[in-house]
Structure formats: C-alpha cells, structure tokens
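One structure below.
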Amino acid sequence: MPHEPIRIAIVGTGNIARIHMAALTKVAAPAAGAPVKAEVVAAADIDEGRLAAFAREHKISATFHDAGELLSEVRPDLLHICTPPRLHHEQALACLRAGVTALVEKPPAISLRELEELAAAEAPAGTPGGPWLATVFQHRFGPGQRTLKELAASGTLGRPLLAVCHTTWFRDQAYFDVPWRGRWDTEGGGPTMGHGIHQMDMLLDVLGDWTTVSAAARTLARRTQTEDVSLAHVTFGSGAVASVVNSVISPREESLLRYDFENATVELTHLYGYGEGNWRVTPAPGHADAVLAGWQGEPPGGRSVSRSGHHAQFREILTALRAGTRPPVETADSRRTLSLVAAIYASAFQGGCPVTPGDLAPGTPFYEAMNGGRAAW
Ligand SMILES: NC(=O)c1ccc[n+]([C@@H]2O[C@H](COP(=O)([O-])OP(=O)(O)OC[C@H]3O[C@@H](n4cnc5c(N)ncnc54)[C@H](O)[C@@H]3O)[C@@H](O)[C@H]2O)c1
C-alpha cells in the first residue's frame with residue numbers, strides 16, 4: 001500500500017509540470033483537508049536551472065538529473081512523467097520495472113509497439129497495488145462526460161448515429177521552435193497526436209471501439225515535419241460514423257464534440273477545458289422527458305467536480321491508489337485512443353485507404369512508428 005500521505009515524484013519540470021503541481025495542491029494538499037493526501041517529495045530534470053527554480057518554488061528538497069537515479073533513491077508511490085513524448089516509453093518502463101506506478105502525460109508513448117511494451121511491464125490483472133501505467137487524459141473527468149457515457153450505455157439516448165469531433169486550434173510558428181515539437185521521432189506526430197488526441201479520447205470513451213478509418217493529412221501553413229491538419233472519417237462497431245478534424249492553423253479556436261443519437265443531439269463546445277455550461281442537449285421529438293431527466297440527474301461520481309482538468313483526474317487516481325486499485329486512464333483505454341491516432345496516420349500515408357485494427361497488428365509499419373517509416377503523405 002502507498003505511504004500516507006502518498007509520495008509523488010515528478011520527472012520533467014517544464015510547462016505541464018506546473019499544471020500538475022497546481023492540480024495536486026487543489027486536490028491533495030495535506031493542509032487542505034483532502035480525502036486522499038499526497039505530497040511531492042522529489043523532482044528530476046536535465047535542465048539544472050529549471051529544476052532548481054521548480055524545487056525552490058514548490059519546496060521540494062530531493063532533486064535529480066536522471067529519472068532512474070530518482071527512482072532508486074526515493075522510490076515514490078507514484079511518478080508523474082512530464083517530459084517530452086519521446087522519453088515517455090523509456091522513463092515509464094524504468095518506473096514500472098522499479099515497481100512504481102507511472103502517471104504519464106499524453107501521449108503515453110509515440111508508437112503502439114512502445115505502448116504494448118509498457119502494458120507488458122504492468123502488474124498482471126488482479127494484482128493489488130500495481131505497478132500500473134495511467135495516462136493523463138484529463139477531459140474524461142469533467143461534468144457531462146460521465147453522464148453522457150452512462151446515458152449512451154443505458155440506451156436512454158438511443159443508438160449513436162453521427163458524431164463530430166473537431167479540434168481546431170492555433171499554434172504559431174514560434175510554438176514549433178521547441179526542438180521536440182512537430183517531429184515524428186520526438187513527438188510522434190502533429191495535432192492528431194499532440195492536440196486533438198484529447199477530444200478523440202473523449203469520443204472513444206463514449207462511442208467505444210472504432211472499426212474503420214479513412215483519413216487525409218496535410219502540412220499547409222507551418223514548417224514542421226508532421227501534419228498541421230488532419231481529417232478523418234471513422235466508423236464504430238455500433239455502426240455510427242464520425243468526422244474527426246485536428247488542426248493547429250485555425251485562427252478562431254474551438255474544441256467541438258457533437259453526437260447525434262436517435263433520441264437526442266448532445267454538444268460540447270469549449271476550448272481547453274469545460275464546465276456544465278459548455279454542454280447543450282436537444283431531445284428528439286417525443287423524447288424530452290426521458291432524455292432531460294437523465295441528463296439532469298445525479299451524475300456518476302456526484303457533482304464534486306465543476307470543470308474538466310488535471311485536478312479532476314488526479315482526485316480519481318489518488319483515490320484508486322489509496323484503495324490499492326488500478327488508477328485511470330488505464331492502458332486498455334489509452335491503447336484504443338493511440339490506435340485511432342495510428343490509424344489516421346496509416347490511412348493518410350496510404351492515400352486515404354480504409355484502415356482497420358488488423359492493419360495495425362504487431363510487426364506492421366504503423367504499429368512500429370506513427371509515420372510507418374515514411375517521409376511524405
Ligand atoms: N494534458 C495536457 O493538456 C498537456 C498539455 C501540454 C503538454 N502536455 C504534455 O506534457 C509533456 C511535456 O510537455 P511540456 O509542454 O511541459 O514540455 P516542456 O518542454 O515545457 O517540459 C519538458 C521538461 O522535460 C525536461 N526533460 C527533457 N529531457 C529530460 C530527461 N531526460 N530527464 C528529465 N527531464 C527531462 C526538460 O528539460 C523540460 O523541463 C508532453 O508529453 C506534452 O504532450 C500535456
């Protein structure tokens with residue numbers, strides 16, 4: 001069982017690590033009367049100045065330049081991996097092999113092969129205490145998403161028919177000056193892998209397994225090795241179809257998820273996070289009573305979370321760890337999301353041909369690397 005408070009370490013003390021610290025303070029600071037308490041006991045970064053400033057600001061006394069050294073000297077209960085994507089596989093693998101649960105920022109790995117290797121290093125199913133791999137997909141945990149998932153599963157909304165999952169964001173050229181961004185070998189892709197992945201994860205959380213993907217990708221306006229836009233047509237096991245767009249060249253930014261079920265349209269319009277007011281539900285004729293009663297009822301897990309964000313996911317992770325159970329988002333879920341990303345690239349690199357899960361089997365090019373080892377669309 002983890003220590004009391006739960007001992008957390010962080011590797012990578014850049015932009016997102018600051019969000020992690022703020023979220024942990026919100027949900028788990030021992031002084032804040034949190035139901036599950038946690039403290040950050042160590043941090044690691046190769047950038048001496050950044051590490052020192054981070055440690056000073058957050059009063060972290062144990063600092064390291066190497067994740068492996070941190071793991072052997074501190075042996076935390078949980079390691080937050082906040083480094084660039086290329087390092088996630090190596091650092092999460094070292095973490096799991098040290099018997100420590102890893103919480104890795106998205107994407108959990110930059111290929112399906114890497115993710116499978118991490119899955120193999122997790123504790124066998126049913127082993128209490130882990131170690132496990134959890135991936136940060138914080139928008140699964142906001143108000144509305146749980147209710148939607150439950151109403152879809154219970155049949156209240158009827159069959160899912162059509163969905164729209166459009167992540168149209170804006171990143172200027174300077175954003176890509178950071179050396180690891182916009183490269184296949186360090187980021188594993190462009191906005192499909194790095195930005196729209198959040199919304200695609202939410203889409204799959206509701207609609208389940210995809211069966212076929214046809215896609216196109218283009219590099220239209222940024223100097224990057226990867227795409228700056230992708231468009232896909234996705235078919236689901238239920239028969240539902242979805243339009244998926246991922247962009248970092250859209251001056252009016254928006255994150256849009258829209259579902260047309262038989263009995264209602266459910267829409268979420270937001271940017272980098274949402275609350276209850278970002279949702280709109282329009283019942284089909286004759287279904288208003290059942291749909292609205294379901295939507296306005298008590299959501300699974302209660303109303304304690306008012307917005308999506310890291311804090312909402314961390315609360316659930318710490319609660320699971322305290323109980324000795326597997327924390328979310330589990331590898332089975334992040335694998336489904338990463339395989340949709342891989343399918344979009346596989347189709348885009350092959351002229352838009354339909355791609356099925358079987359086309360991404362171990363040993364195939366797009367299982368090994370998101371660009372399938374190719375240079376151009
Ligand atoms: N969940 C979200 O909404 C969200 C948002 C932004 C970024 N992210 C993800 O967070 C991760 C980090 O992004 P960022 O914007 O914080 O990047 P960043 O470049 O600001 O920070 C990365 C840090 O890792 C450090 N680092 C590099 N190599 C290292 C090594 N070998 N050992 C230890 N430290 C090392 C760097 O020095 C840097 O301080 C990425 O995977 C990114 O996709 C997630």
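By convention in this document, the chains of the structure tokens carry letters A, B, ... by their order, each chain's residues are numbered from 1, and ligands are numbered from 1 in the order they are shown.
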
Which residues in region 153-238 of chain A does DSSP call strand (DSSP E or B)? List them as a list in words.
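Matching residues, listed in order: Pro160, Leu161, Leu162, Ala163, Val164, Cys165, His166, Thr167, Thr168, Trp169, Phe170, Trp210, Thr211, Thr212, Val213, Ser214, Ala215, Ala216, Ala217, Arg218, Val229, Ser230, Leu231, Ala232, His233, Val234, Thr235 and Phe236 of chain A.
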
Could you dump the residues just selected with C-alpha atoms as a PDB file, in the first residue's frame?
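To be explicit, this is the file written out as selection36.pdb:
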```
ATOM      1  CA  PRO A 160     -25.480   6.607 -31.729  1.00  0.00           C
ATOM      2  CA  LEU A 161     -25.646   7.627 -35.378  1.00  0.00           C
ATOM      3  CA  LEU A 162     -23.318  10.503 -36.195  1.00  0.00           C
ATOM      4  CA  ALA A 163     -20.567  12.373 -34.343  1.00  0.00           C
ATOM      5  CA  VAL A 164     -18.371  15.382 -34.979  1.00  0.00           C
ATOM      6  CA  CYS A 165     -15.022  15.666 -33.185  1.00  0.00           C
ATOM      7  CA  HIS A 166     -13.265  18.808 -34.311  1.00  0.00           C
ATOM      8  CA  THR A 167     -10.197  20.238 -32.571  1.00  0.00           C
ATOM      9  CA  THR A 168      -9.445  23.448 -34.435  1.00  0.00           C
ATOM     10  CA  TRP A 169      -6.684  25.236 -32.548  1.00  0.00           C
ATOM     11  CA  PHE A 170      -3.991  27.787 -33.394  1.00  0.00           C
ATOM     12  CA  TRP A 210     -13.613   2.093 -33.932  1.00  0.00           C
ATOM     13  CA  THR A 211     -13.661  -0.330 -36.869  1.00  0.00           C
ATOM     14  CA  THR A 212     -12.539   1.631 -39.971  1.00  0.00           C
ATOM     15  CA  VAL A 213     -10.699   4.911 -40.584  1.00  0.00           C
ATOM     16  CA  SER A 214     -10.126   6.834 -43.809  1.00  0.00           C
ATOM     17  CA  ALA A 215      -8.033   9.973 -43.482  1.00  0.00           C
ATOM     18  CA  ALA A 216      -6.005  12.719 -45.090  1.00  0.00           C
ATOM     19  CA  ALA A 217      -3.267  14.833 -43.542  1.00  0.00           C
ATOM     20  CA  ARG A 218      -1.535  17.936 -44.850  1.00  0.00           C
ATOM     21  CA  VAL A 229      -4.104  19.434 -40.260  1.00  0.00           C
ATOM     22  CA  SER A 230      -5.760  16.024 -40.464  1.00  0.00           C
ATOM     23  CA  LEU A 231      -9.291  14.970 -41.415  1.00  0.00           C
ATOM     24  CA  ALA A 232     -10.776  11.539 -40.874  1.00  0.00           C
ATOM     25  CA  HIS A 233     -13.954   9.561 -41.356  1.00  0.00           C
ATOM     26  CA  VAL A 234     -14.265   6.998 -38.567  1.00  0.00           C
ATOM     27  CA  THR A 235     -16.739   4.109 -38.343  1.00  0.00           C
ATOM     28  CA  PHE A 236     -17.592   2.499 -34.984  1.00  0.00           C
TER      29      PHE A 236
END
```

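Residues of protein, DNA or RNA lying at most 7 Å from ligand 1, when only C-alpha atoms and all ligand atoms are considered, are Val11, Gly12, Thr13, Gly14, Asn15, Ile16, Ala17, Ala44, Asp45, Ile46, Asp47, Arg50, His65, Asp66, Ala67, Cys82, Thr83, Pro84, Pro85, Leu87, Glu105, Lys106, Pro107, Val136, Phe137, Gln138 and Gly194 of chain A.
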
Neighbours of Asp77 (chain A) within 8 Å (only C-alpha atoms; same-chain residues fewer than 5 positions away dropped), as JSON, numbers by chain?
{"A": [2, 3, 6, 7, 8, 100, 101]}

Can you list, as a list in words, every protein, DNA or RNA residue that comes within 8 Å of Ala92 (chain A) when you count only C-alpha atoms, leaving out same-chain residues fewer than 4 positions away?
Ile81, His88, Leu96, Ala102, Val104, Leu118 and Leu133 of chain A

Residues as selected, N, CA and C atoms, written as a short mmCIF file (atom, residue, chain, number, x, y, z; two decimals), in the first residue's frame, can you do that?
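Result written to selection_37.cif:
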```
data_model
loop_
_atom_site.label_atom_id
_atom_site.label_comp_id
_atom_site.auth_asym_id
_atom_site.auth_seq_id
_atom_site.Cartn_x
_atom_site.Cartn_y
_atom_site.Cartn_z
N ILE A 81 5.19 11.61 -15.11
CA ILE A 81 6.17 11.77 -16.20
C ILE A 81 5.71 12.91 -17.09
N HIS A 88 8.75 9.18 -22.87
CA HIS A 88 7.73 8.54 -22.03
C HIS A 88 7.95 7.03 -21.91
N LEU A 96 8.01 1.31 -14.06
CA LEU A 96 7.25 0.08 -13.82
C LEU A 96 8.19 -1.03 -13.36
N ALA A 102 3.27 4.53 -12.75
CA ALA A 102 3.64 5.69 -13.57
C ALA A 102 2.38 6.40 -14.04
N VAL A 104 1.70 9.00 -16.83
CA VAL A 104 2.43 9.61 -17.93
C VAL A 104 1.53 10.61 -18.65
N LEU A 118 5.00 -1.22 -22.56
CA LEU A 118 4.65 -0.69 -21.22
C LEU A 118 3.55 -1.55 -20.60
N LEU A 133 0.29 1.56 -15.24
CA LEU A 133 0.51 2.75 -16.07
C LEU A 133 -0.83 3.47 -16.18
#
```

Considering only C-alpha atoms, return as a list in words whatever protein or nucleic-acid residues lie within 9 Å of Ala312 (chain A), sequence-local ones (same chain, fewer than 4 positions apart) excluded.
Ala23, Val27, Gln138, His139, Arg140, Phe141, Gly142, Val305, Ser306, Arg307, Ser308 and Glu316 of chain A

Those residues you just picked out, can you put them in a file as a PDB file, in the first residue's frame with N, CA and C atoms?
```pdb
ATOM      1  N   ALA A  23      -2.654  21.407  -9.675  1.00  0.00           N
ATOM      2  CA  ALA A  23      -3.772  20.468  -9.527  1.00  0.00           C
ATOM      3  C   ALA A  23      -3.617  19.636  -8.255  1.00  0.00           C
ATOM      4  N   VAL A  27      -6.222  19.284  -4.994  1.00  0.00           N
ATOM      5  CA  VAL A  27      -6.971  18.076  -4.583  1.00  0.00           C
ATOM      6  C   VAL A  27      -6.346  17.277  -3.452  1.00  0.00           C
ATOM      7  N   GLN A 138      -7.220  14.258 -19.129  1.00  0.00           N
ATOM      8  CA  GLN A 138      -7.971  14.895 -18.046  1.00  0.00           C
ATOM      9  C   GLN A 138      -9.404  15.277 -18.412  1.00  0.00           C
ATOM     10  N   HIS A 139      -9.720  15.315 -19.721  1.00  0.00           N
ATOM     11  CA  HIS A 139     -11.065  15.765 -20.078  1.00  0.00           C
ATOM     12  C   HIS A 139     -12.119  14.655 -20.000  1.00  0.00           C
ATOM     13  N   ARG A 140     -11.688  13.435 -19.725  1.00  0.00           N
ATOM     14  CA  ARG A 140     -12.664  12.383 -19.407  1.00  0.00           C
ATOM     15  C   ARG A 140     -13.386  12.658 -18.094  1.00  0.00           C
ATOM     16  N   PHE A 141     -12.808  13.554 -17.276  1.00  0.00           N
ATOM     17  CA  PHE A 141     -13.253  13.628 -15.878  1.00  0.00           C
ATOM     18  C   PHE A 141     -14.076  14.870 -15.541  1.00  0.00           C
ATOM     19  N   GLY A 142     -14.507  15.603 -16.549  1.00  0.00           N
ATOM     20  CA  GLY A 142     -15.303  16.794 -16.263  1.00  0.00           C
ATOM     21  C   GLY A 142     -16.778  16.486 -16.166  1.00  0.00           C
ATOM     22  N   VAL A 305     -16.942  17.745  -8.968  1.00  0.00           N
ATOM     23  CA  VAL A 305     -16.033  18.359  -9.933  1.00  0.00           C
ATOM     24  C   VAL A 305     -16.818  19.315 -10.819  1.00  0.00           C
ATOM     25  N   SER A 306     -16.405  20.579 -10.865  1.00  0.00           N
ATOM     26  CA  SER A 306     -17.171  21.547 -11.649  1.00  0.00           C
ATOM     27  C   SER A 306     -16.551  21.816 -13.022  1.00  0.00           C
ATOM     28  N   ARG A 307     -15.288  21.417 -13.225  1.00  0.00           N
ATOM     29  CA  ARG A 307     -14.647  21.605 -14.528  1.00  0.00           C
ATOM     30  C   ARG A 307     -13.743  20.421 -14.839  1.00  0.00           C
ATOM     31  N   SER A 308     -13.530  20.172 -16.140  1.00  0.00           N
ATOM     32  CA  SER A 308     -12.537  19.156 -16.501  1.00  0.00           C
ATOM     33  C   SER A 308     -11.147  19.722 -16.238  1.00  0.00           C
ATOM     34  N   GLU A 316      -9.203  11.133  -8.804  1.00  0.00           N
ATOM     35  CA  GLU A 316      -9.572   9.725  -9.005  1.00  0.00           C
ATOM     36  C   GLU A 316      -8.355   8.808  -8.922  1.00  0.00           C
TER      37      GLU A 316
END
```

I want to know what sits within 12 Å of Thr226 (chain A), based on only C-alpha atoms, with residues of the same chain fewer than 5 positions away left out; could you give that as a ChimeraX atom specification?
/A:176,180-194,217-221,247-248,345,348-349,370-371,374-377

Convert the current residue selection to file output with C-alpha atoms, as a PDB file, in the first residue's frame.
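part19.pdb was written with the following content:
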```pdb
ATOM      1  CA  PHE A 176       7.310  24.804 -33.101  1.00  0.00           C
ATOM      2  CA  TRP A 180      10.881  18.265 -29.737  1.00  0.00           C
ATOM      3  CA  ARG A 181       7.680  19.618 -31.312  1.00  0.00           C
ATOM      4  CA  GLY A 182       6.426  18.749 -34.780  1.00  0.00           C
ATOM      5  CA  ARG A 183       8.801  15.818 -35.353  1.00  0.00           C
ATOM      6  CA  TRP A 184       7.965  12.164 -35.830  1.00  0.00           C
ATOM      7  CA  ASP A 185      10.865  10.890 -33.719  1.00  0.00           C
ATOM      8  CA  THR A 186      10.286  13.145 -30.722  1.00  0.00           C
ATOM      9  CA  GLU A 187       6.546  13.979 -30.675  1.00  0.00           C
ATOM     10  CA  GLY A 188       5.191  11.117 -32.774  1.00  0.00           C
ATOM     11  CA  GLY A 189       3.022  13.421 -34.895  1.00  0.00           C
ATOM     12  CA  GLY A 190       1.370  16.834 -35.157  1.00  0.00           C
ATOM     13  CA  PRO A 191      -2.068  17.956 -33.947  1.00  0.00           C
ATOM     14  CA  THR A 192      -3.532  14.468 -34.358  1.00  0.00           C
ATOM     15  CA  MET A 193      -1.088  13.086 -31.781  1.00  0.00           C
ATOM     16  CA  GLY A 194      -0.482  16.208 -29.721  1.00  0.00           C
ATOM     17  CA  ALA A 217      -3.267  14.833 -43.542  1.00  0.00           C
ATOM     18  CA  ARG A 218      -1.535  17.936 -44.850  1.00  0.00           C
ATOM     19  CA  THR A 219       1.198  20.358 -43.874  1.00  0.00           C
ATOM     20  CA  LEU A 220      -0.409  23.588 -45.051  1.00  0.00           C
ATOM     21  CA  ALA A 221       0.943  26.525 -43.054  1.00  0.00           C
ATOM     22  CA  SER A 247      -5.779  21.447 -36.717  1.00  0.00           C
ATOM     23  CA  VAL A 248      -3.262  23.910 -35.295  1.00  0.00           C
ATOM     24  CA  TYR A 345      -1.711   8.384 -39.968  1.00  0.00           C
ATOM     25  CA  ALA A 348      -3.223   9.412 -44.609  1.00  0.00           C
ATOM     26  CA  PHE A 349       0.151   7.976 -45.643  1.00  0.00           C
ATOM     27  CA  MET A 370       3.248   6.706 -36.387  1.00  0.00           C
ATOM     28  CA  ASN A 371       4.658   7.643 -39.829  1.00  0.00           C
ATOM     29  CA  ARG A 374       7.676   7.121 -44.431  1.00  0.00           C
ATOM     30  CA  ALA A 375       8.717  10.686 -45.197  1.00  0.00           C
ATOM     31  CA  ALA A 376       5.715  12.215 -47.035  1.00  0.00           C
ATOM     32  CA  TRP A 377       1.965  11.778 -47.445  1.00  0.00           C
TER      33      TRP A 377
END
```
